Amino acid sequence: MSEQQLVPLCLISDVTEDLPVKAEIKGEEVAVFQVGEHYYVTQNLCTHGPGELAEGFVDGDEVECPFHQGKFSIITGKPTAAPCTVALRTWDALARDGQVYASTTPRSGGGEAA
Ligand code: FES
């Protein structure tokens with residue numbers, strides 16, 4: 001990722017492994033997750049309906065949508081439990097100087113293989 005492609009999303013201290021944070025990339029809501037020492041960014045809106053994944057329940061590297069309890073891999077964005085069938089879009093994330101950044105363009109998702 002070059003410097004010009006990075007968007008600041010939130011402070012590292014805002015995110016914990018249990019509590020993702022809602023942020024924005026170019027007007028699109030995203031969810032920022034911490035899994036171990038790494039940070040991951042997915043679209044905030046569930047691909048199945050109106051659930052917001054930043055409000056979801058995090059279990060390891062999966063997030064459970066609060067609306068119908070479908071699940072996604074936080075790392076790949078792929079659905080891991082019904083009723084979700086379409087992958088989330090994901091962005092490359094980078095933690096530096098106390099802040100989490102993401103690339104401006106999605107890495108994957110929208111039904112593509114991650
Ligand atoms: S809206 Fe997320 S599982 Fe239905």
# chains A, B, ... in the order shown; residues from 1 in each chain; ligands from 1
call {"tool": "residues_near_ligand", "arguments": {"ligand": "ligand 1", "cutoff": "8 Å", "atoms": "only C-alpha atoms and all ligand atoms", "output": "PyMOL selection string"}}
result
chain A and resi 45-53+64-71+82-84
call {"tool": "write_last_selection", "arguments": {"atoms": "C-alpha atoms", "output": "mmCIF file, in the first residue's frame"}}
result
data_model
loop_
_atom_site.group_PDB
_atom_site.id
_atom_site.type_symbol
_atom_site.label_atom_id
_atom_site.label_comp_id
_atom_site.auth_asym_id
_atom_site.auth_seq_id
_atom_site.Cartn_x
_atom_site.Cartn_y
_atom_site.Cartn_z
ATOM 1 C CA LEU A 45 -23.510 -3.752 6.319
ATOM 2 C CA CYS A 46 -24.282 -7.461 6.291
ATOM 3 C CA THR A 47 -24.690 -8.910 2.776
ATOM 4 C CA HIS A 48 -27.898 -10.611 3.924
ATOM 5 C CA GLY A 49 -29.840 -7.633 5.244
ATOM 6 C CA PRO A 50 -29.754 -4.600 7.506
ATOM 7 C CA GLY A 51 -27.469 -5.994 10.231
ATOM 8 C CA GLU A 52 -24.399 -3.930 11.111
ATOM 9 C CA LEU A 53 -21.335 -6.041 11.687
ATOM 10 C CA GLU A 64 -21.913 -12.972 14.008
ATOM 11 C CA CYS A 65 -24.433 -10.589 12.486
ATOM 12 C CA PRO A 66 -26.757 -9.214 15.166
ATOM 13 C CA PHE A 67 -29.794 -9.435 12.866
ATOM 14 C CA HIS A 68 -30.182 -13.122 11.897
ATOM 15 C CA GLN A 69 -27.007 -14.512 13.471
ATOM 16 C CA GLY A 70 -25.304 -15.361 10.181
ATOM 17 C CA LYS A 71 -21.515 -15.392 10.378
ATOM 18 C CA ALA A 82 -26.323 -19.360 7.175
ATOM 19 C CA PRO A 83 -28.256 -17.403 6.182
ATOM 20 C CA CYS A 84 -25.280 -15.435 4.791
#
call {"tool": "select_by_dssp", "arguments": {"residues": "chain A", "states": "helix (DSSP H, G or I)", "output": "ChimeraX atom specification"}}
result
/A:3-5,12-14,53-55
call {"tool": "atom_distance", "arguments": {"atom1": "atom CA of Leu9 of chain A", "atom2": "atom CA of Ser108 of chain A"}}
result
18.4 Å
call {"tool": "atom_distance", "arguments": {"atom1": "atom CA of Val30 of chain A", "atom2": "atom CA of Ala54 of chain A"}}
result
7.8 Å
call {"tool": "residues_around", "arguments": {"residues": "Tyr39 of chain A", "least_positions_apart": "2", "cutoff": "8 Å", "atoms": "only C-alpha atoms", "output": "ChimeraX atom specification"}}
result
/A:32-35,37,41,93-95,100
call {"tool": "closest_residue", "arguments": {"among": "A:Gly56, A:Tyr40, A:Ala23, A:Thr105", "to": "Thr76 of chain A", "atoms": "only C-alpha atoms"}}
result
A:Tyr40
call {"tool": "select_by_dssp", "arguments": {"residues": "chain A", "states": "strand (DSSP E or B)", "output": "JSON, numbers by chain"}}
result
{"A": [6, 7, 8, 9, 10, 11, 21, 22, 23, 24, 25, 28, 29, 30, 31, 32, 33, 34, 35, 38, 39, 40, 41, 42, 43, 45, 52, 57, 58, 59, 62, 63, 64, 71, 72, 73, 79, 80, 81, 90, 91, 93, 94, 95, 96, 99, 100, 101, 102, 103, 108]}
call {"tool": "closest_residue", "arguments": {"among": "A:Val21, A:Ala31, A:Val7, A:Val58", "to": "Thr90 of chain A", "atoms": "only C-alpha atoms"}}
result
A:Ala31
call {"tool": "closest_residue", "arguments": {"among": "A:Asp59, A:Glu17, A:Glu28, A:Asp92", "to": "Asn44 of chain A", "atoms": "only C-alpha atoms"}}
result
A:Glu28
call {"tool": "atom_distance", "arguments": {"atom1": "atom CA of Gln5 of chain A", "atom2": "atom CA of Phe57 of chain A"}}
result
29.8 Å
